[in-house]
file protein-v3.cif (mmCIF, C-alpha atoms)
data_data
loop_
_atom_site.group_PDB
_atom_site.id
_atom_site.type_symbol
_atom_site.label_atom_id
_atom_site.label_comp_id
_atom_site.auth_asym_id
_atom_site.auth_seq_id
_atom_site.Cartn_x
_atom_site.Cartn_y
_atom_site.Cartn_z
ATOM 1 C CA MET Y 30 89.693 201.847 91.644
ATOM 2 C CA SER Y 31 89.442 200.962 88.027
ATOM 3 C CA LYS Y 32 86.437 201.879 85.975
ATOM 4 C CA SER Y 33 85.285 198.301 85.598
ATOM 5 C CA GLU Y 34 85.281 197.803 89.390
ATOM 6 C CA ARG Y 35 83.412 200.972 90.168
ATOM 7 C CA PHE Y 36 80.491 200.197 87.918
ATOM 8 C CA SER Y 37 79.523 196.795 89.289
ATOM 9 C CA TRP Y 38 76.857 197.293 91.985
ATOM 10 C CA PHE Y 39 75.226 200.393 90.632
ATOM 11 C CA TYR Y 40 75.403 198.948 87.159
ATOM 12 C CA PHE Y 41 73.153 196.062 88.140
ATOM 13 C CA SER Y 42 70.780 198.259 90.149
ATOM 14 C CA SER Y 43 69.069 199.244 86.922
ATOM 15 C CA PRO Y 44 66.236 196.904 85.834
ATOM 16 C CA GLN Y 45 67.548 196.907 82.287
ATOM 17 C CA THR Y 46 70.946 195.492 83.205
ATOM 18 C CA PHE Y 47 69.631 193.299 86.001
ATOM 19 C CA TYR Y 48 67.019 191.541 83.863
ATOM 20 C CA PRO Y 49 69.465 189.496 81.737
ATOM 21 C CA LEU Y 50 71.724 188.838 84.751
ATOM 22 C CA ALA Y 51 68.735 187.462 86.700
ATOM 23 C CA GLY Y 52 67.919 185.251 83.725
ATOM 24 C CA ARG Y 53 71.434 183.824 83.674
ATOM 25 C CA LEU Y 54 71.606 183.281 87.460
ATOM 26 C CA GLN Y 55 68.138 181.787 87.922
ATOM 27 C CA PRO Y 56 68.816 178.250 86.540
ATOM 28 C CA TRP Y 57 71.915 177.920 88.736
ATOM 29 C CA PHE Y 58 69.990 178.701 91.899
ATOM 30 C CA ALA Y 59 67.219 176.345 90.804
ATOM 31 C CA ALA Y 60 69.787 173.562 90.255
ATOM 32 C CA LEU Y 61 71.380 174.241 93.662
ATOM 33 C CA ALA Y 62 67.915 174.128 95.261
ATOM 34 C CA VAL Y 63 67.217 170.691 93.764
ATOM 35 C CA LEU Y 64 70.660 169.437 94.777
ATOM 36 C CA PHE Y 65 70.496 170.657 98.391
ATOM 37 C CA CYS Y 66 66.908 169.452 98.837
ATOM 38 C CA ALA Y 67 67.791 166.001 97.444
ATOM 39 C CA VAL Y 68 70.789 165.642 99.774
ATOM 40 C CA GLY Y 69 68.777 167.152 102.644
ATOM 41 C CA LEU Y 70 65.913 164.701 102.166
ATOM 42 C CA TYR Y 71 68.342 161.801 102.036
ATOM 43 C CA ILE Y 72 69.896 162.858 105.349
ATOM 44 C CA SER Y 73 66.456 163.536 106.844
ATOM 45 C CA PHE Y 74 65.093 160.065 106.193
ATOM 46 C CA PHE Y 75 68.058 157.716 105.871
ATOM 47 C CA VAL Y 76 70.949 159.157 107.862
ATOM 48 C CA ALA Y 77 69.355 160.948 110.837
ATOM 49 C CA PRO Y 78 68.381 158.438 113.548
ATOM 50 C CA THR Y 79 64.973 158.008 115.150
ATOM 51 C CA ASP Y 80 64.394 160.466 117.989
ATOM 52 C CA ALA Y 81 64.415 158.845 121.423
ATOM 53 C CA GLN Y 82 61.445 160.878 122.705
ATOM 54 C CA GLN Y 83 59.352 161.696 119.653
ATOM 55 C CA GLY Y 84 59.980 158.665 117.465
ATOM 56 C CA GLU Y 85 59.636 159.347 113.750
ATOM 57 C CA SER Y 86 57.275 162.316 114.140
ATOM 58 C CA TYR Y 87 60.283 164.564 114.724
ATOM 59 C CA ARG Y 88 61.257 164.207 111.027
ATOM 60 C CA ILE Y 89 58.861 167.078 110.341
ATOM 61 C CA ILE Y 90 61.613 169.284 111.790
ATOM 62 C CA PHE Y 91 63.584 169.046 108.537
ATOM 63 C CA ILE Y 92 61.016 171.182 106.744
ATOM 64 C CA HIS Y 93 59.373 172.947 109.673
ATOM 65 C CA VAL Y 94 62.449 174.751 111.017
ATOM 66 C CA PRO Y 95 64.005 175.680 107.621
ATOM 67 C CA ALA Y 96 60.597 176.968 106.429
ATOM 68 C CA ALA Y 97 60.185 179.026 109.609
ATOM 69 C CA TRP Y 98 63.699 180.457 109.195
ATOM 70 C CA MET Y 99 62.995 181.370 105.574
ATOM 71 C CA SER Y 100 59.643 182.939 106.474
ATOM 72 C CA MET Y 101 61.427 185.372 108.820
ATOM 73 C CA PHE Y 102 64.559 185.847 106.710
ATOM 74 C CA ILE Y 103 62.623 186.650 103.523
ATOM 75 C CA TYR Y 104 60.581 189.185 105.466
ATOM 76 C CA LEU Y 105 63.761 190.899 106.656
ATOM 77 C CA VAL Y 106 65.142 190.994 103.101
ATOM 78 C CA MET Y 107 61.798 192.339 101.876
ATOM 79 C CA GLY Y 108 61.834 194.966 104.621
ATOM 80 C CA PHE Y 109 65.391 195.925 103.641
ATOM 81 C CA TRP Y 110 64.425 196.468 99.985
ATOM 82 C CA CYS Y 111 61.320 198.393 101.078
ATOM 83 C CA GLY Y 112 63.536 200.679 103.165
ATOM 84 C CA VAL Y 113 65.985 201.176 100.303
ATOM 85 C CA GLY Y 114 63.075 201.854 97.959
ATOM 86 C CA LEU Y 115 61.580 204.461 100.312
ATOM 87 C CA VAL Y 116 64.870 206.275 100.920
ATOM 88 C CA PHE Y 117 66.503 206.150 97.497
ATOM 89 C CA ASN Y 118 63.419 205.747 95.330
ATOM 90 C CA THR Y 119 65.153 203.061 93.301
ATOM 91 C CA ARG Y 120 62.864 201.086 91.040
ATOM 92 C CA LEU Y 121 64.549 197.722 91.327
ATOM 93 C CA SER Y 122 64.379 197.626 95.146
ATOM 94 C CA SER Y 123 60.589 198.013 95.112
ATOM 95 C CA MET Y 124 60.396 195.316 92.445
ATOM 96 C CA TRP Y 125 62.416 193.003 94.694
ATOM 97 C CA ALA Y 126 60.037 193.575 97.605
ATOM 98 C CA THR Y 127 57.093 192.740 95.346
ATOM 99 C CA ALA Y 128 58.838 189.621 94.041
ATOM 100 C CA LEU Y 129 59.792 188.283 97.477
ATOM 101 C CA ALA Y 130 56.413 188.542 99.222
ATOM 102 C CA PRO Y 131 54.637 185.499 97.684
ATOM 103 C CA THR Y 132 57.586 183.182 98.374
ATOM 104 C CA GLY Y 133 57.788 184.484 101.947
ATOM 105 C CA ALA Y 134 54.081 183.865 102.404
ATOM 106 C CA LEU Y 135 54.538 180.364 101.025
ATOM 107 C CA PHE Y 136 57.209 179.483 103.586
ATOM 108 C CA THR Y 137 55.135 181.022 106.393
ATOM 109 C CA PHE Y 138 52.243 178.802 105.358
ATOM 110 C CA ILE Y 139 54.528 175.742 105.262
ATOM 111 C CA ALA Y 140 55.889 176.565 108.730
ATOM 112 C CA LEU Y 141 52.343 176.868 110.128
ATOM 113 C CA TRP Y 142 51.041 173.771 108.345
ATOM 114 C CA THR Y 143 53.929 171.493 109.339
ATOM 115 C CA GLY Y 144 53.766 172.972 112.845
ATOM 116 C CA ALA Y 145 50.124 171.932 113.137
ATOM 117 C CA LEU Y 146 50.910 168.431 111.890
ATOM 118 C CA TRP Y 147 53.755 168.181 114.366
ATOM 119 C CA GLY Y 148 51.774 169.682 117.219
ATOM 120 C CA LYS Y 149 48.946 167.161 116.996
ATOM 121 C CA PRO Y 150 51.013 164.044 117.822
ATOM 122 C CA THR Y 151 53.411 165.782 120.247
ATOM 123 C CA TRP Y 152 51.231 168.353 122.057
ATOM 124 C CA GLY Y 153 47.863 166.759 121.387
ATOM 125 C CA THR Y 154 46.561 169.808 119.554
ATOM 126 C CA TRP Y 155 46.783 171.264 116.040
ATOM 127 C CA TRP Y 156 46.849 174.829 117.234
ATOM 128 C CA VAL Y 157 47.197 176.963 120.369
ATOM 129 C CA TRP Y 158 46.945 180.731 120.597
ATOM 130 C CA ASP Y 159 50.350 181.134 122.176
ATOM 131 C CA ALA Y 160 52.973 183.759 121.378
ATOM 132 C CA ARG Y 161 55.081 181.799 118.878
ATOM 133 C CA LEU Y 162 52.198 180.449 116.827
ATOM 134 C CA THR Y 163 50.177 183.646 116.893
ATOM 135 C CA SER Y 164 53.083 185.880 115.872
ATOM 136 C CA GLU Y 165 53.922 183.511 112.983
ATOM 137 C CA LEU Y 166 50.265 183.710 111.894
ATOM 138 C CA ILE Y 167 50.520 187.501 112.027
ATOM 139 C CA LEU Y 168 53.567 187.203 109.748
ATOM 140 C CA LEU Y 169 51.394 185.399 107.193
ATOM 141 C CA PHE Y 170 48.830 188.217 107.440
ATOM 142 C CA LEU Y 171 51.597 190.793 106.984
ATOM 143 C CA TYR Y 172 52.731 189.119 103.754
ATOM 144 C CA ILE Y 173 49.142 188.849 102.496
ATOM 145 C CA GLY Y 174 48.400 192.422 103.578
ATOM 146 C CA PHE Y 175 51.493 193.683 101.743
ATOM 147 C CA MET Y 176 50.479 191.927 98.524
ATOM 148 C CA ALA Y 177 46.832 193.007 98.806
ATOM 149 C CA LEU Y 178 47.756 196.631 99.521
ATOM 150 C CA GLN Y 179 50.146 196.789 96.571
ATOM 151 C CA ALA Y 180 47.564 195.185 94.296
ATOM 152 C CA ALA Y 181 44.829 197.555 95.442
ATOM 153 C CA ILE Y 182 46.609 200.794 94.516
ATOM 154 C CA ASP Y 183 46.772 201.624 90.819
ATOM 155 C CA ASP Y 184 49.522 204.209 90.933
ATOM 156 C CA GLN Y 185 52.694 202.089 91.064
ATOM 157 C CA ARG Y 186 54.766 204.580 93.050
ATOM 158 C CA ARG Y 187 52.077 205.026 95.678
ATOM 159 C CA ALA Y 188 51.530 201.267 95.827
ATOM 160 C CA ASP Y 189 55.256 200.760 96.465
ATOM 161 C CA LYS Y 190 55.335 203.449 99.148
ATOM 162 C CA ALA Y 191 52.244 202.192 100.977
ATOM 163 C CA GLY Y 192 53.487 198.599 100.805
ATOM 164 C CA ALA Y 193 56.923 199.640 102.053
ATOM 165 C CA VAL Y 194 55.491 201.465 105.079
ATOM 166 C CA LEU Y 195 53.342 198.446 105.958
ATOM 167 C CA ALA Y 196 56.276 196.051 105.520
ATOM 168 C CA LEU Y 197 58.610 198.201 107.620
ATOM 169 C CA VAL Y 198 56.124 198.550 110.483
ATOM 170 C CA GLY Y 199 55.693 194.772 110.329
ATOM 171 C CA VAL Y 200 59.429 194.172 110.793
ATOM 172 C CA ILE Y 201 58.815 194.605 114.549
ATOM 173 C CA ASN Y 202 57.045 191.237 114.392
ATOM 174 C CA ILE Y 203 60.250 189.366 113.457
ATOM 175 C CA PRO Y 204 62.076 189.722 116.801
ATOM 176 C CA ILE Y 205 58.741 189.031 118.506
ATOM 177 C CA ILE Y 206 58.516 185.687 116.678
ATOM 178 C CA TYR Y 207 62.156 184.890 117.289
ATOM 179 C CA PHE Y 208 62.226 185.661 121.015
ATOM 180 C CA SER Y 209 58.618 184.660 121.771
ATOM 181 C CA VAL Y 210 59.708 181.326 123.210
ATOM 182 C CA GLN Y 211 61.908 183.151 125.732
ATOM 183 C CA TRP Y 212 59.601 186.056 126.554
ATOM 184 C CA TRP Y 213 56.391 184.142 127.135
ATOM 185 C CA SER Y 214 55.621 180.713 128.479
ATOM 186 C CA THR Y 215 54.612 178.583 125.564
ATOM 187 C CA LEU Y 216 54.023 175.057 124.366
ATOM 188 C CA HIS Y 217 56.569 175.612 121.635
ATOM 189 C CA GLN Y 218 60.045 174.389 122.473
ATOM 190 C CA GLY Y 219 63.009 176.755 122.606
ATOM 191 C CA SER Y 220 65.517 177.090 119.804
ATOM 192 C CA SER Y 221 67.335 173.886 118.976
ATOM 193 C CA VAL Y 222 70.070 175.935 117.370
ATOM 194 C CA SER Y 223 71.622 179.110 118.705
ATOM 195 C CA MET Y 224 74.662 181.221 118.051
ATOM 196 C CA LYS Y 225 75.899 180.812 121.607
ATOM 197 C CA SER Y 226 75.959 177.063 122.177
ATOM 198 C CA ALA Y 227 76.274 173.787 120.348
ATOM 199 C CA PRO Y 228 73.026 172.468 118.881
ATOM 200 C CA THR Y 229 71.019 170.368 121.313
ATOM 201 C CA MET Y 230 70.517 167.583 118.818
ATOM 202 C CA ALA Y 231 72.397 164.811 117.067
ATOM 203 C CA MET Y 232 74.900 166.073 114.514
ATOM 204 C CA THR Y 233 73.209 164.244 111.637
ATOM 205 C CA MET Y 234 69.835 165.793 112.590
ATOM 206 C CA PHE Y 235 71.454 169.209 112.644
ATOM 207 C CA ALA Y 236 73.131 168.574 109.284
ATOM 208 C CA GLY Y 237 69.813 167.551 107.720
ATOM 209 C CA MET Y 238 68.182 170.752 108.938
ATOM 210 C CA ILE Y 239 70.997 172.960 107.658
ATOM 211 C CA VAL Y 240 71.120 171.312 104.226
ATOM 212 C CA MET Y 241 67.335 171.591 103.873
ATOM 213 C CA ALA Y 242 67.557 175.235 104.926
ATOM 214 C CA LEU Y 243 70.168 175.809 102.197
ATOM 215 C CA GLY Y 244 67.844 174.094 99.717
ATOM 216 C CA PHE Y 245 64.921 176.333 100.717
ATOM 217 C CA TRP Y 246 67.204 179.366 100.552
ATOM 218 C CA MET Y 247 68.343 178.569 97.011
ATOM 219 C CA TYR Y 248 64.735 177.824 96.052
ATOM 220 C CA SER Y 249 63.656 181.232 97.388
ATOM 221 C CA ILE Y 250 66.343 183.006 95.372
ATOM 222 C CA ALA Y 251 65.422 181.078 92.218
ATOM 223 C CA ALA Y 252 61.702 181.801 92.665
ATOM 224 C CA ALA Y 253 62.281 185.466 93.487
ATOM 225 C CA LEU Y 254 64.588 185.889 90.476
ATOM 226 C CA ALA Y 255 61.970 184.343 88.178
ATOM 227 C CA ARG Y 256 59.269 186.580 89.654
ATOM 228 C CA VAL Y 257 61.316 189.760 89.616
ATOM 229 C CA ARG Y 258 61.914 189.213 85.882
ATOM 230 C CA CYS Y 259 58.148 189.161 85.317
ATOM 231 C CA VAL Y 260 57.696 192.259 87.475
ATOM 232 C CA ILE Y 261 60.462 194.082 85.558
ATOM 233 C CA LEU Y 262 58.865 193.312 82.183
ATOM 234 C CA GLU Y 263 55.429 194.428 83.377
ATOM 235 C CA ARG Y 264 56.572 197.652 84.965
ATOM 236 C CA GLU Y 265 59.066 198.635 82.275
ATOM 237 C CA ARG Y 266 56.834 197.731 79.363
ATOM 238 C CA ASN Y 267 56.921 201.241 77.948
ATOM 239 C CA THR Y 268 60.699 201.356 77.745
ATOM 240 C CA GLU Y 269 62.671 200.875 74.589
ATOM 241 C CA TRP Y 270 64.678 197.936 75.924
ATOM 242 C CA VAL Y 271 61.668 195.834 76.949
ATOM 243 C CA MET Y 272 60.121 196.380 73.521
ATOM 244 C CA THR Y 273 63.389 195.219 71.949
ATOM 245 C CA GLU Y 274 63.647 192.314 74.411
ATOM 246 C CA MET Y 275 60.135 191.186 73.497
ATOM 247 C CA GLY Y 276 60.998 191.493 69.816
ATOM 248 C CA GLY Y 277 58.367 194.187 69.681
ATOM 249 C CA ARG Y 278 58.101 196.552 66.786
ATOM 250 C CA ALA Y 279 58.289 199.711 68.821
ATOM 251 C CA MET J 1 69.658 152.325 107.924
ATOM 252 C CA ASN J 2 66.430 153.307 109.670
ATOM 253 C CA TRP J 3 64.007 151.183 107.674
ATOM 254 C CA GLN J 4 63.843 147.447 107.150
ATOM 255 C CA SER J 5 61.041 147.568 104.605
ATOM 256 C CA TRP J 6 59.058 149.857 102.353
ATOM 257 C CA SER J 7 55.953 149.562 104.539
ATOM 258 C CA GLN J 8 57.980 150.592 107.589
ATOM 259 C CA PHE J 9 59.154 153.659 105.707
ATOM 260 C CA VAL J 10 55.582 154.586 104.769
ATOM 261 C CA ALA J 11 54.304 153.985 108.313
ATOM 262 C CA MET J 12 56.919 156.308 109.897
ATOM 263 C CA GLY J 13 56.562 154.563 113.236
ATOM 264 C CA GLY J 14 52.839 155.320 113.313
ATOM 265 C CA TYR J 15 53.284 158.979 112.434
ATOM 266 C CA GLY J 16 52.931 158.478 108.661
ATOM 267 C CA LEU J 17 49.924 160.761 108.346
ATOM 268 C CA TYR J 18 51.693 163.653 110.074
ATOM 269 C CA VAL J 19 55.122 163.233 108.479
ATOM 270 C CA TRP J 20 53.874 162.585 104.929
ATOM 271 C CA GLY J 21 51.127 165.168 105.343
ATOM 272 C CA SER J 22 53.848 167.733 106.036
ATOM 273 C CA TYR J 23 56.155 166.705 103.211
ATOM 274 C CA ALA J 24 53.368 166.259 100.650
ATOM 275 C CA VAL J 25 51.797 169.660 101.257
ATOM 276 C CA THR J 26 55.227 171.327 101.182
ATOM 277 C CA LEU J 27 55.982 169.667 97.840
ATOM 278 C CA VAL J 28 52.559 170.596 96.437
ATOM 279 C CA VAL J 29 52.801 174.295 97.310
ATOM 280 C CA MET J 30 56.384 174.547 96.003
ATOM 281 C CA VAL J 31 55.471 172.842 92.713
ATOM 282 C CA ALA J 32 52.401 175.088 92.511
ATOM 283 C CA GLU J 33 54.572 178.183 92.926
ATOM 284 C CA VAL J 34 56.949 177.031 90.182
ATOM 285 C CA ALA J 35 53.974 176.319 87.882
ATOM 286 C CA ALA J 36 52.472 179.714 88.724
ATOM 287 C CA LEU J 37 55.779 181.395 87.861
ATOM 288 C CA VAL J 38 56.029 179.584 84.503
ATOM 289 C CA MET J 39 52.436 180.580 83.683
ATOM 290 C CA ARG J 40 53.002 184.138 84.846
ATOM 291 C CA ARG J 41 56.021 184.509 82.556
ATOM 292 C CA ARG J 42 54.011 183.190 79.596
ATOM 293 C CA GLY J 43 51.156 185.512 80.542
ATOM 294 C CA VAL J 44 53.447 188.535 80.732
ATOM 295 C CA ILE J 45 55.055 187.797 77.352
ATOM 296 C CA ASP J 46 51.622 187.180 75.799
ATOM 297 C CA GLY J 47 50.152 190.287 77.382
ATOM 298 C CA LEU J 48 53.021 192.484 76.225
ATOM 299 C CA ALA J 49 52.751 191.184 72.652
ATOM 300 C CA LYS J 50 49.053 192.146 72.623
ATOM 301 C CA TYR J 51 49.808 195.478 74.316
ATOM 302 C CA TYR J 52 52.413 196.427 71.719
ATOM 303 C CA ALA J 53 50.216 195.206 68.872
ATOM 304 C CA ALA J 54 47.292 197.309 70.109
ATOM 305 C CA ARG J 55 49.502 200.326 70.534
ATOM 306 C CA GLY J 56 50.994 199.784 67.099
ATOM 307 C CA ARG J 57 47.506 199.837 65.558
ATOM 308 C CA ASN J 58 46.660 203.061 67.399
ATOM 309 C CA HIS J 59 49.781 204.657 65.980
ATOM 310 C CA GLU J 60 48.829 203.577 62.484
ATOM 311 C CA THR J 61 45.300 204.962 62.709
ATOM 312 C CA LYS J 62 46.573 208.257 64.027
ATOM 313 C CA THR J 63 49.155 208.829 61.316
#

call {"tool": "encode", "arguments": {"input": "protein-v3.cif", "output": "structure tokens"}}
result
Amino acid sequence: MSKSERFSWFYFSSPQTFYPLAGRLQPWFAALAVLFCAVGLYISFFVAPTDAQQGESYRIIFIHVPAAWMSMFIYLVMGFWCGVGLVFNTRLSSMWATALAPTGALFTFIALWTGALWGKPTWGTWWVWDARLTSELILLFLYIGFMALQAAIDDQRRADKAGAVLALVGVINIPIIYFSVQWWSTLHQGSSVSMKSAPTMAMTMFAGMIVMALGFWMYSIAAALARVRCVILERERNTEWVMTEMGGRA
Amino acid sequence: MNWQSWSQFVAMGGYGLYVWGSYAVTLVVMVAEVAALVMRRRGVIDGLAKYYAARGRNHETKT
């Protein structure tokens, strides 16, 4: 392995080298997010047909399902960085966890909100305390709890550790959300998409959902990159390179 | 094409309130997050400038 190959991953695991890289990548992910969301919205409203059973109300699916996916996926990524941070004590991994939480909370909120607005016309109720809905609400509380706990502890290392333990314990909630519709009887329908079988929906509906999910994914990366840059500057403010970066007279 | 007219599109087959309520709130919170990120970045840069300035003054008074 040549020297230039060996450096790559560890090279960018330092906040100092990652900061400019994040700045260069961020606009690309933001542009991809806009592109995918624009195409996704077009498919959602103009290509996908009216649903035979639910009429037009089903069009909420194009944000509801992608948002719910992102809410769980971001939590898993956050949990991964928390684990890495706990084991290896790497600064950047804890910064990633901190940067991901608000965006994860945002998508959890969107999933719950759109779910309520979809539930009212289809189930006749905004909310039920069933397994799927309740575990998704707990996910929102986990995100908020993580952010509040980190904010409440002054010592940064202890804040990261406490947050990481909370986040990792909370990971158990993700399979509970995912399998809740199989494990308990619920108002919520089963998965429309699974790894094992073809999607139980029209191809254009499926395409709209996937493209919107890609849009939300790119948006999450763009938002997290922007936020992690702020976190890096704040936490590394006493380092030489941040002072230089800020044009500071150190 | 699903819609014959603009008003049909807005009505969403009678589910306008639910469909547009979902999309509007999603758009609002995403735009709010982007705005919050822009403001946070400005705040961080501002805050650091003040932090370094204050520290610079302390150094000067000490020496």

call {"tool": "interface_residues", "arguments": {"input": "protein-v3.cif", "of": "chain J", "to": "chain Y", "cutoff": "10 Å", "atoms": "only C-alpha atoms", "output": "ChimeraX atom specification"}}
result
/J:1-3,9,11-23,25-27,29-30,33-34,36-38,40-53,55-56

call {"tool": "residues_around", "arguments": {"input": "protein-v3.cif", "residues": "region 169-178 of chain Y", "least_positions_apart": "6", "cutoff": "9 Å", "atoms": "only C-alpha atoms", "output": "JSON, numbers by chain"}}
result
{"Y": [100, 104, 127, 130, 131, 133, 134, 135, 137, 138, 188, 191, 192, 193, 195, 196, 199]}

call {"tool": "atom_distance", "arguments": {"input": "protein-v3.cif", "atom1": "CA of Val210 (chain Y)", "atom2": "CA of Thr163 (chain Y)"}}
result
11.7 Å

call {"tool": "atom_distance", "arguments": {"input": "protein-v3.cif", "atom1": "CA of Leu50 (chain Y)", "atom2": "CA of Met107 (chain Y)"}}
result
20.1 Å

call {"tool": "axis_aligned_box", "arguments": {"input": "protein-v3.cif", "around": "region 104-111 of chain Y", "padding_each_side": "4 Å", "output": "AutoDock Vina command-line options"}}
result
--center_x 63.0 --center_y 193.8 --center_z 103.3 --size_x 12.8 --size_y 17.2 --size_z 14.7

call {"tool": "decode", "arguments": {"input": "protein-v3.cif", "residues": "region 1-60 of chain J", "atoms": "C-alpha atoms", "output": "PDB file, in the first residue's frame"}}
result
ATOM      1  CA  MET J   1     -51.781  13.831 -15.696  1.00  0.00           C
ATOM      2  CA  ASN J   2     -53.682  13.657 -12.412  1.00  0.00           C
ATOM      3  CA  TRP J   3     -55.100  17.172 -12.361  1.00  0.00           C
ATOM      4  CA  GLN J   4     -57.352  18.967 -14.803  1.00  0.00           C
ATOM      5  CA  SER J   5     -57.147  22.328 -13.070  1.00  0.00           C
ATOM      6  CA  TRP J   6     -55.283  24.305 -10.451  1.00  0.00           C
ATOM      7  CA  SER J   7     -58.226  24.161  -8.035  1.00  0.00           C
ATOM      8  CA  GLN J   8     -58.328  20.372  -8.358  1.00  0.00           C
ATOM      9  CA  PHE J   9     -54.650  20.249  -7.473  1.00  0.00           C
ATOM     10  CA  VAL J  10     -55.207  22.415  -4.392  1.00  0.00           C
ATOM     11  CA  ALA J  11     -58.258  20.400  -3.304  1.00  0.00           C
ATOM     12  CA  MET J  12     -56.379  17.054  -3.428  1.00  0.00           C
ATOM     13  CA  GLY J  13     -59.630  15.153  -3.805  1.00  0.00           C
ATOM     14  CA  GLY J  14     -60.955  16.636  -0.568  1.00  0.00           C
ATOM     15  CA  TYR J  15     -57.812  15.857   1.400  1.00  0.00           C
ATOM     16  CA  GLY J  16     -56.139  19.230   0.737  1.00  0.00           C
ATOM     17  CA  LEU J  17     -55.885  20.152   4.403  1.00  0.00           C
ATOM     18  CA  TYR J  18     -54.117  16.904   5.299  1.00  0.00           C
ATOM     19  CA  VAL J  19     -51.835  16.664   2.264  1.00  0.00           C
ATOM     20  CA  TRP J  20     -50.817  20.343   2.193  1.00  0.00           C
ATOM     21  CA  GLY J  21     -50.660  20.450   5.982  1.00  0.00           C
ATOM     22  CA  SER J  22     -48.057  17.683   5.804  1.00  0.00           C
ATOM     23  CA  TYR J  23     -46.006  19.187   2.994  1.00  0.00           C
ATOM     24  CA  ALA J  24     -46.161  22.750   4.337  1.00  0.00           C
ATOM     25  CA  VAL J  25     -45.010  21.847   7.839  1.00  0.00           C
ATOM     26  CA  THR J  26     -42.220  19.664   6.425  1.00  0.00           C
ATOM     27  CA  LEU J  27     -41.033  22.554   4.249  1.00  0.00           C
ATOM     28  CA  VAL J  28     -41.249  25.020   7.152  1.00  0.00           C
ATOM     29  CA  VAL J  29     -39.184  22.920   9.566  1.00  0.00           C
ATOM     30  CA  MET J  30     -36.549  22.141   6.911  1.00  0.00           C
ATOM     31  CA  VAL J  31     -36.221  25.816   5.933  1.00  0.00           C
ATOM     32  CA  ALA J  32     -36.087  26.691   9.639  1.00  0.00           C
ATOM     33  CA  GLU J  33     -33.236  24.230  10.170  1.00  0.00           C
ATOM     34  CA  VAL J  34     -31.280  25.678   7.240  1.00  0.00           C
ATOM     35  CA  ALA J  35     -31.852  29.215   8.584  1.00  0.00           C
ATOM     36  CA  ALA J  36     -30.807  28.092  12.069  1.00  0.00           C
ATOM     37  CA  LEU J  37     -27.612  26.596  10.631  1.00  0.00           C
ATOM     38  CA  VAL J  38     -26.758  29.797   8.723  1.00  0.00           C
ATOM     39  CA  MET J  39     -27.346  31.854  11.884  1.00  0.00           C
ATOM     40  CA  ARG J  40     -25.388  29.413  14.014  1.00  0.00           C
ATOM     41  CA  ARG J  41     -22.378  29.656  11.696  1.00  0.00           C
ATOM     42  CA  ARG J  42     -22.509  33.465  11.829  1.00  0.00           C
ATOM     43  CA  GLY J  43     -22.883  33.288  15.606  1.00  0.00           C
ATOM     44  CA  VAL J  44     -19.893  30.975  15.968  1.00  0.00           C
ATOM     45  CA  ILE J  45     -17.664  33.162  13.775  1.00  0.00           C
ATOM     46  CA  ASP J  46     -18.823  36.290  15.634  1.00  0.00           C
ATOM     47  CA  GLY J  47     -18.380  34.656  19.019  1.00  0.00           C
ATOM     48  CA  LEU J  48     -14.885  33.429  18.199  1.00  0.00           C
ATOM     49  CA  ALA J  49     -13.817  36.879  16.977  1.00  0.00           C
ATOM     50  CA  LYS J  50     -14.934  38.365  20.315  1.00  0.00           C
ATOM     51  CA  TYR J  51     -13.340  35.484  22.240  1.00  0.00           C
ATOM     52  CA  TYR J  52      -9.968  35.974  20.560  1.00  0.00           C
ATOM     53  CA  ALA J  53     -10.189  39.749  20.912  1.00  0.00           C
ATOM     54  CA  ALA J  54     -10.909  39.447  24.640  1.00  0.00           C
ATOM     55  CA  ARG J  55      -8.096  36.987  25.093  1.00  0.00           C
ATOM     56  CA  GLY J  56      -5.762  39.207  23.107  1.00  0.00           C
ATOM     57  CA  ARG J  57      -6.509  42.120  25.453  1.00  0.00           C
ATOM     58  CA  ASN J  58      -5.840  39.935  28.500  1.00  0.00           C
ATOM     59  CA  HIS J  59      -2.470  39.005  27.056  1.00  0.00           C
ATOM     60  CA  GLU J  60      -1.628  42.647  26.490  1.00  0.00           C
TER      61      GLU J  60
END
